[in-house]
Amino acid sequence: MGQTLNFTSSFLTNDLASSVIAGVQMPAIGTLINNDNASNFLVVGGIFNKRTADVSTNTTVVVTTFTFPTPVRDVTVTASDIDFTSNQFRDWFMAVGRNGASSYVPAIVTPFGQANVTGPFTNASSSLMLGPNSFAATAAQAVGTGASGNNSNTGDITLSFAQPVTSVELRYGNYPLQAGETVTGQQGIGFSGVSFCPMPVVTIAKITTPWSDPQNGTANPKLIPGGDLIYTLTVANANTSPVDLSTTILTDPIPATLTFYNGDIDDAGPLTTNFDFNAGASGLTFAAANLSYSNNGGASYAYTPAAGYDPAVNALRFAPAGSMAANSSFTIKFRARIK
């Protein structure tokens with residue numbers, strides 16, 4: 001998105017007999033596992049002392065954690081070479097996104113049309129099965145079911161988190177022994193294509209401007225009882241990430257010292273609405289249907305205001321349509337009278 005944001009990678013290993021794969025000490029960055037791609041991958045693995053009982057714990061696993069300094073969204077990671085060799089290993093993978101006390105299951109797909117939760121979970125061209133499945137794997141997990149070469153995409157998954165996260169855990173283990181298996185062998189997995197989008201940074205400023213007063217009219221008006229003022233709300237997104245579609249919503253209580261004006265905001269001016277919306281470069285639109293009114297302090301916004309000055313209106317809700325662009329701002333104005 002045109003912005004640099006550093007993040008950290010950390011590794012937890014438990015119960016490894018060896019952390020060497022093909023003579024390379026893990027973790028490593030290189031082409032040992034490369035998805036038929038010339039790029040360097042982050043590779044982890046080794047040989048466990050025994051099979052993994054539960055990949056969601058920190059026992060007999062390798063856990064790679066990406067930690068971000070602030071919440072980010074749309075985190076995407078590709079994991080490669082999830083596969084199975086009888087009496088050696090059955091890769092067991094799990095991904096978890098976290099933000100504070102909340103944890104999230106990613107959407108997972110493969111190059112062969114598989115998808116977690118909704119399925120299909122298997123494909124003849126893929127060396128893995130997505131969860132939930134017959135291995136009792138959850139929707140956040142994948143289990144190896146067939147062979148995949150280190151430079152093949154048959155063991156690939158791409159996972160993504162729609163929710164904002166501050167860390168992503170990539171958990172890797174060796175599925176429990178099945179009938180006829182007695183050995184725990186060497187295994188490895190590669191990670192690539194890490195991408196994410198910073199969160200929008202939205203700020204709101206509110207100012208008042210005199211419009212008219214009983215003594216001066218509109219010529220140098222003052223903020224005195226009986227006078228009208230214009231409230232201007234300025235909303236700015238100062239980051240390189242847009243705001244999601246139809247999620248820019250503002251609510252503004254009307255102080256008890258003011259009466260909302262439900263009429264032509266600029267009297268004989270060019271406007272005919274009770275608001276003035278300037279989209280700027282935001283890409284948003286605003287019409288009368290995007291403004292709603294409350295007469296119960298904002299508990300609901302279903303009130304229909306009377307024409308002119310309506311003292312029953314005590315809160316407004318502005319809901320522009322569209323997605324607010326990165327590095328943009330817009331303004332909304334409305335009018336009220338000082339009691």
# chains A, B, ... in the order shown; residues from 1 in each chain; ligands from 1

$ select_by_dssp --residues "region 38-235 of chain A" --states "strand (DSSP E or B)" --output "PyMOL selection string"
chain A and resi 41-48+62-80+84-85+89-99+102-104+107-109+115+128-130+141-144+157-161+165-174+186-198+202-213+217+228-235

$ residues_around --residues "region 182-195 of chain A" --least-positions-apart "2" --cutoff "6 Å" --atoms "only C-alpha atoms" --output "list in words"
Ile33, Phe41, Leu42, Val43, Val44, Gly45, Gly46, Ile47, Val75, Thr76, Val77, Thr78, Ala79, Ser80, Asp81, Asn87, Gln88 and Phe89 of chain A

$ write_last_selection --atoms "C-alpha atoms" --output "PDB file, in the first residue's frame"
ATOM      1  CA  ILE A  33      11.650 -25.224  -0.108  1.00  0.00           C
ATOM      2  CA  PHE A  41      11.500 -18.801   1.542  1.00  0.00           C
ATOM      3  CA  LEU A  42      11.558 -18.864   5.331  1.00  0.00           C
ATOM      4  CA  VAL A  43      11.955 -22.574   6.162  1.00  0.00           C
ATOM      5  CA  VAL A  44      11.411 -24.252   9.538  1.00  0.00           C
ATOM      6  CA  GLY A  45      11.328 -27.882  10.649  1.00  0.00           C
ATOM      7  CA  GLY A  46      13.561 -30.760  11.719  1.00  0.00           C
ATOM      8  CA  ILE A  47      12.990 -34.124  13.394  1.00  0.00           C
ATOM      9  CA  VAL A  75      -2.596 -10.392   6.379  1.00  0.00           C
ATOM     10  CA  THR A  76      -1.751 -13.054   3.803  1.00  0.00           C
ATOM     11  CA  VAL A  77       0.863 -15.833   4.012  1.00  0.00           C
ATOM     12  CA  THR A  78       1.638 -18.792   1.744  1.00  0.00           C
ATOM     13  CA  ALA A  79       2.801 -22.052   3.353  1.00  0.00           C
ATOM     14  CA  SER A  80       4.467 -24.615   1.087  1.00  0.00           C
ATOM     15  CA  ASP A  81       5.305 -28.328   1.139  1.00  0.00           C
ATOM     16  CA  ASN A  87       6.253 -43.959   8.556  1.00  0.00           C
ATOM     17  CA  GLN A  88       8.185 -40.662   8.464  1.00  0.00           C
ATOM     18  CA  PHE A  89       5.921 -37.678   8.893  1.00  0.00           C
TER      19      PHE A  89
END

$ residues_around --residues "Asn274 (chain A)" --least-positions-apart "6" --cutoff "9 Å" --atoms "only C-alpha atoms" --output "NGL selection string"
:A and (261-266 or 288 or 333-335)

$ write_last_selection --atoms "N, CA, C and O atoms" --output "PDB file, in the first residue's frame"
ATOM      1  N   TYR A 261     -31.570  22.883  12.973  1.00  0.00           N
ATOM      2  CA  TYR A 261     -32.321  23.549  11.906  1.00  0.00           C
ATOM      3  C   TYR A 261     -32.519  22.581  10.749  1.00  0.00           C
ATOM      4  O   TYR A 261     -31.588  22.218  10.049  1.00  0.00           O
ATOM      5  N   ASN A 262     -33.770  22.196  10.543  1.00  0.00           N
ATOM      6  CA  ASN A 262     -34.125  21.298   9.437  1.00  0.00           C
ATOM      7  C   ASN A 262     -34.696  22.130   8.294  1.00  0.00           C
ATOM      8  O   ASN A 262     -35.893  22.128   8.020  1.00  0.00           O
ATOM      9  N   GLY A 263     -33.810  22.877   7.654  1.00  0.00           N
ATOM     10  CA  GLY A 263     -34.209  23.717   6.535  1.00  0.00           C
ATOM     11  C   GLY A 263     -33.026  23.946   5.621  1.00  0.00           C
ATOM     12  O   GLY A 263     -31.996  23.271   5.733  1.00  0.00           O
ATOM     13  N   ASP A 264     -33.158  24.876   4.720  1.00  0.00           N
ATOM     14  CA  ASP A 264     -32.094  25.196   3.767  1.00  0.00           C
ATOM     15  C   ASP A 264     -30.894  25.766   4.528  1.00  0.00           C
ATOM     16  O   ASP A 264     -30.980  26.865   5.088  1.00  0.00           O
ATOM     17  N   ILE A 265     -29.797  25.031   4.531  1.00  0.00           N
ATOM     18  CA  ILE A 265     -28.665  25.394   5.384  1.00  0.00           C
ATOM     19  C   ILE A 265     -28.101  26.769   5.064  1.00  0.00           C
ATOM     20  O   ILE A 265     -27.633  27.486   5.961  1.00  0.00           O
ATOM     21  N   ASP A 266     -28.159  27.190   3.790  1.00  0.00           N
ATOM     22  CA  ASP A 266     -27.576  28.492   3.426  1.00  0.00           C
ATOM     23  C   ASP A 266     -28.631  29.475   2.939  1.00  0.00           C
ATOM     24  O   ASP A 266     -28.329  30.425   2.198  1.00  0.00           O
ATOM     25  N   ALA A 288     -29.584  12.923   1.184  1.00  0.00           N
ATOM     26  CA  ALA A 288     -30.477  13.093   2.330  1.00  0.00           C
ATOM     27  C   ALA A 288     -30.724  11.775   3.048  1.00  0.00           C
ATOM     28  O   ALA A 288     -30.865  11.735   4.281  1.00  0.00           O
ATOM     29  N   LYS A 333     -21.411  19.722   7.029  1.00  0.00           N
ATOM     30  CA  LYS A 333     -21.857  20.870   7.815  1.00  0.00           C
ATOM     31  C   LYS A 333     -23.358  20.762   8.085  1.00  0.00           C
ATOM     32  O   LYS A 333     -24.115  20.243   7.260  1.00  0.00           O
ATOM     33  N   PHE A 334     -23.771  21.263   9.248  1.00  0.00           N
ATOM     34  CA  PHE A 334     -25.198  21.419   9.543  1.00  0.00           C
ATOM     35  C   PHE A 334     -25.376  22.673  10.390  1.00  0.00           C
ATOM     36  O   PHE A 334     -24.400  23.248  10.889  1.00  0.00           O
ATOM     37  N   ARG A 335     -26.621  23.068  10.562  1.00  0.00           N
ATOM     38  CA  ARG A 335     -26.921  24.365  11.180  1.00  0.00           C
ATOM     39  C   ARG A 335     -27.786  24.180  12.419  1.00  0.00           C
ATOM     40  O   ARG A 335     -28.635  23.269  12.484  1.00  0.00           O
TER      41      ARG A 335
END

$ closest_residue --among "A:Thr248, A:Ile108, A:Arg337, A:Gly149" --to "Ser212 (chain A)" --atoms "only C-alpha atoms"
A:Arg337

$ atom_distance --atom1 "CA of Asn14 (chain A)" --atom2 "CA of Tyr172 (chain A)"
10.7 Å

$ atom_distance --atom1 "CA of Ile338 (chain A)" --atom2 "CA of Pro221 (chain A)"
12.5 Å

$ residues_around --residues "Asn290 (chain A)" --least-positions-apart "2" --cutoff "12 Å" --atoms "only C-alpha atoms" --output "list in words"
Ser246, Thr248, Ile249, Leu250, Thr251, Phe275, Phe277, Leu284, Thr285, Phe286, Ala287, Ala288, Ser292, Tyr293, Tyr301, Leu316, Arg317, Phe318, Ala319, Pro320, Ala321, Gly322 and Ile332 of chain A

$ write_last_selection --atoms "C-alpha atoms" --output "short mmCIF file (atom, residue, chain, number, x, y, z; two decimals), in the first residue's frame"
data_model
loop_
_atom_site.label_atom_id
_atom_site.label_comp_id
_atom_site.auth_asym_id
_atom_site.auth_seq_id
_atom_site.Cartn_x
_atom_site.Cartn_y
_atom_site.Cartn_z
CA SER A 246 -19.93 1.69 4.10
CA THR A 248 -17.58 5.54 7.75
CA ILE A 249 -20.34 6.46 10.20
CA LEU A 250 -20.44 9.51 12.44
CA THR A 251 -22.87 10.24 15.26
CA PHE A 275 -26.49 19.81 5.24
CA PHE A 277 -21.23 17.75 2.15
CA LEU A 284 -17.62 9.11 -0.70
CA THR A 285 -21.09 10.30 -1.61
CA PHE A 286 -23.79 11.74 0.64
CA ALA A 287 -27.51 12.31 0.11
CA ALA A 288 -30.48 13.09 2.33
CA SER A 292 -30.76 10.22 10.11
CA TYR A 293 -32.12 11.80 13.27
CA TYR A 301 -32.12 7.11 14.63
CA LEU A 316 -27.52 13.14 14.19
CA ARG A 317 -26.10 10.16 12.32
CA PHE A 318 -24.08 10.65 9.13
CA ALA A 319 -23.40 7.56 6.99
CA PRO A 320 -21.69 8.45 3.69
CA ALA A 321 -21.78 5.81 0.97
CA GLY A 322 -18.67 4.19 -0.44
CA ILE A 332 -20.10 17.73 6.62
#

$ residues_around --residues "region 130-139 of chain A" --least-positions-apart "5" --cutoff "8 Å" --atoms "only C-alpha atoms" --output "MDAnalysis selection string"
chainID A and resid 105 108 114:117 119 121:122

$ write_last_selection --atoms "C-alpha atoms" --output "PDB file, in the first residue's frame"
ATOM      1  CA  VAL A 105      -9.348 -18.466  12.023  1.00  0.00           C
ATOM      2  CA  ILE A 108      -7.418 -20.939   3.621  1.00  0.00           C
ATOM      3  CA  GLN A 114      -9.792 -26.340  -1.862  1.00  0.00           C
ATOM      4  CA  ALA A 115     -11.113 -24.096   0.909  1.00  0.00           C
ATOM      5  CA  ASN A 116     -11.412 -24.515   4.651  1.00  0.00           C
ATOM      6  CA  VAL A 117     -14.830 -24.465   6.332  1.00  0.00           C
ATOM      7  CA  GLY A 119     -14.713 -27.068   1.190  1.00  0.00           C
ATOM      8  CA  PHE A 121     -11.326 -30.063   1.640  1.00  0.00           C
ATOM      9  CA  THR A 122      -9.451 -32.406  -0.705  1.00  0.00           C
TER      10      THR A 122
END

$ atom_distance --atom1 "CA of Leu12 (chain A)" --atom2 "CA of Val61 (chain A)"
7.8 Å

$ closest_residue --among "A:Ala302, A:Ala268, A:Ala236, A:Val202" --to "Thr218 (chain A)" --atoms "only C-alpha atoms"
A:Ala268

$ residues_around --residues "Ile224 (chain A)" --least-positions-apart "4" --cutoff "12 Å" --atoms "only C-alpha atoms" --output "list in words"
Thr209, Pro210, Trp211, Ser212, Asp213, Pro214, Gln215, Asn216, Gly217, Asp228, Leu229, Thr257, Leu258, Arg337, Ile338 and Lys339 of chain A

$ write_last_selection --atoms "all heavy atoms" --output "compact mmCIF listing (two decimals), in the first residue's frame"
# COMPACT_ATOMS: atom_id res chain seq x y z
N THR A 209 -18.96 27.98 13.39
CA THR A 209 -18.83 29.27 12.71
C THR A 209 -20.16 30.02 12.81
O THR A 209 -21.21 29.44 12.50
CB THR A 209 -18.48 29.07 11.22
OG1 THR A 209 -17.31 28.26 11.11
CG2 THR A 209 -18.25 30.40 10.53
N PRO A 210 -20.17 31.26 13.25
CA PRO A 210 -21.43 32.01 13.30
C PRO A 210 -22.04 32.14 11.91
O PRO A 210 -21.33 32.39 10.93
CB PRO A 210 -21.02 33.38 13.85
CG PRO A 210 -19.69 33.17 14.49
CD PRO A 210 -19.03 32.07 13.73
N TRP A 211 -23.37 31.99 11.83
CA TRP A 211 -24.07 32.18 10.56
C TRP A 211 -24.88 33.48 10.56
O TRP A 211 -24.84 34.26 9.61
CB TRP A 211 -24.98 30.99 10.29
CG TRP A 211 -25.85 31.17 9.07
CD1 TRP A 211 -27.17 31.51 9.04
CD2 TRP A 211 -25.43 31.07 7.71
NE1 TRP A 211 -27.62 31.62 7.75
CE2 TRP A 211 -26.56 31.35 6.90
CE3 TRP A 211 -24.24 30.78 7.08
CZ2 TRP A 211 -26.52 31.34 5.51
CZ3 TRP A 211 -24.20 30.77 5.69
CH2 TRP A 211 -25.33 31.05 4.92
N SER A 212 -25.60 33.69 11.64
CA SER A 212 -26.40 34.93 11.76
C SER A 212 -26.76 35.12 13.24
O SER A 212 -26.69 34.19 14.03
CB SER A 212 -27.68 34.85 10.92
OG SER A 212 -28.55 33.85 11.42
N ASP A 213 -27.12 36.37 13.58
CA ASP A 213 -27.63 36.62 14.94
C ASP A 213 -28.71 37.71 14.87
O ASP A 213 -28.83 38.41 13.85
CB ASP A 213 -26.50 36.98 15.90
CG ASP A 213 -25.91 38.37 15.67
OD1 ASP A 213 -26.68 39.34 15.51
OD2 ASP A 213 -24.67 38.49 15.65
N PRO A 214 -29.53 37.84 15.92
CA PRO A 214 -30.66 38.79 15.87
C PRO A 214 -30.24 40.25 15.71
O PRO A 214 -31.03 41.07 15.22
CB PRO A 214 -31.36 38.58 17.23
CG PRO A 214 -30.92 37.23 17.69
CD PRO A 214 -29.54 37.06 17.17
N GLN A 215 -29.03 40.60 16.09
CA GLN A 215 -28.58 41.98 16.04
C GLN A 215 -27.91 42.33 14.71
O GLN A 215 -28.12 43.40 14.14
CB GLN A 215 -27.59 42.26 17.18
CG GLN A 215 -28.11 41.95 18.56
CD GLN A 215 -29.33 42.78 18.91
OE1 GLN A 215 -29.43 43.96 18.56
NE2 GLN A 215 -30.29 42.16 19.58
N ASN A 216 -27.11 41.42 14.19
CA ASN A 216 -26.28 41.73 13.02
C ASN A 216 -26.70 41.01 11.74
O ASN A 216 -26.13 41.27 10.68
CB ASN A 216 -24.82 41.38 13.32
CG ASN A 216 -24.29 42.08 14.54
OD1 ASN A 216 -24.12 43.29 14.54
ND2 ASN A 216 -24.04 41.32 15.60
N GLY A 217 -27.66 40.12 11.87
CA GLY A 217 -28.00 39.33 10.69
C GLY A 217 -26.80 38.46 10.29
O GLY A 217 -26.14 37.85 11.14
N ASP A 228 -27.72 31.79 14.84
CA ASP A 228 -27.48 30.50 14.20
C ASP A 228 -25.98 30.30 13.99
O ASP A 228 -25.22 31.25 13.74
CB ASP A 228 -28.19 30.42 12.84
CG ASP A 228 -29.67 30.14 12.99
OD1 ASP A 228 -30.20 30.32 14.11
OD2 ASP A 228 -30.30 29.74 12.00
N LEU A 229 -25.59 29.04 14.07
CA LEU A 229 -24.19 28.69 13.82
C LEU A 229 -24.14 27.50 12.87
O LEU A 229 -25.12 26.77 12.69
CB LEU A 229 -23.47 28.38 15.12
CG LEU A 229 -24.03 27.27 16.03
CD1 LEU A 229 -23.61 25.87 15.57
CD2 LEU A 229 -23.60 27.49 17.47
N THR A 257 -28.28 23.19 24.58
CA THR A 257 -28.30 24.64 24.39
C THR A 257 -28.56 25.03 22.94
O THR A 257 -28.60 26.23 22.62
CB THR A 257 -26.97 25.25 24.84
OG1 THR A 257 -25.91 24.59 24.13
CG2 THR A 257 -26.78 25.06 26.34
N LEU A 258 -28.74 24.02 22.05
CA LEU A 258 -28.92 24.29 20.62
C LEU A 258 -30.21 23.66 20.12
O LEU A 258 -30.68 22.66 20.68
CB LEU A 258 -27.74 23.75 19.81
CG LEU A 258 -26.36 24.34 20.09
CD1 LEU A 258 -25.31 23.63 19.23
CD2 LEU A 258 -26.34 25.84 19.84
N ARG A 337 -29.46 26.56 16.11
CA ARG A 337 -29.69 27.87 16.74
C ARG A 337 -29.36 27.81 18.23
O ARG A 337 -29.69 26.83 18.92
CB ARG A 337 -31.14 28.31 16.55
CG ARG A 337 -31.53 29.59 17.32
CD ARG A 337 -32.79 30.20 16.78
NE ARG A 337 -32.55 30.81 15.46
CZ ARG A 337 -33.50 31.39 14.73
NH1 ARG A 337 -34.75 31.46 15.18
NH2 ARG A 337 -33.20 31.91 13.56
N ILE A 338 -28.72 28.87 18.71
CA ILE A 338 -28.37 28.97 20.12
C ILE A 338 -29.61 29.41 20.90
O ILE A 338 -30.26 30.42 20.56
CB ILE A 338 -27.24 29.99 20.33
CG1 ILE A 338 -26.02 29.60 19.50
CG2 ILE A 338 -26.86 30.07 21.82
CD1 ILE A 338 -24.94 30.67 19.47
N LYS A 339 -29.95 28.67 21.93
CA LYS A 339 -31.14 28.99 22.73
C LYS A 339 -30.88 30.19 23.64
O LYS A 339 -29.74 30.46 24.03
CB LYS A 339 -31.55 27.78 23.57
CG LYS A 339 -32.00 26.59 22.74
CD LYS A 339 -32.40 25.42 23.63
CE LYS A 339 -32.86 24.22 22.82
NZ LYS A 339 -33.22 23.07 23.66

$ closest_residue --among "A:Asn150, A:Thr60, A:Asn327, A:Thr272" --to "Pro242 (chain A)" --atoms "only C-alpha atoms"
A:Asn327

$ closest_residue --among "A:Thr208, A:Ser10, A:Asn49, A:Ser125" --to "Ala336 (chain A)" --atoms "only C-alpha atoms"
A:Thr208

$ closest_residue --among "A:Ser282, A:Ser39, A:Thr64, A:Gln25" --to "Ser328 (chain A)" --atoms "only C-alpha atoms"
A:Ser282
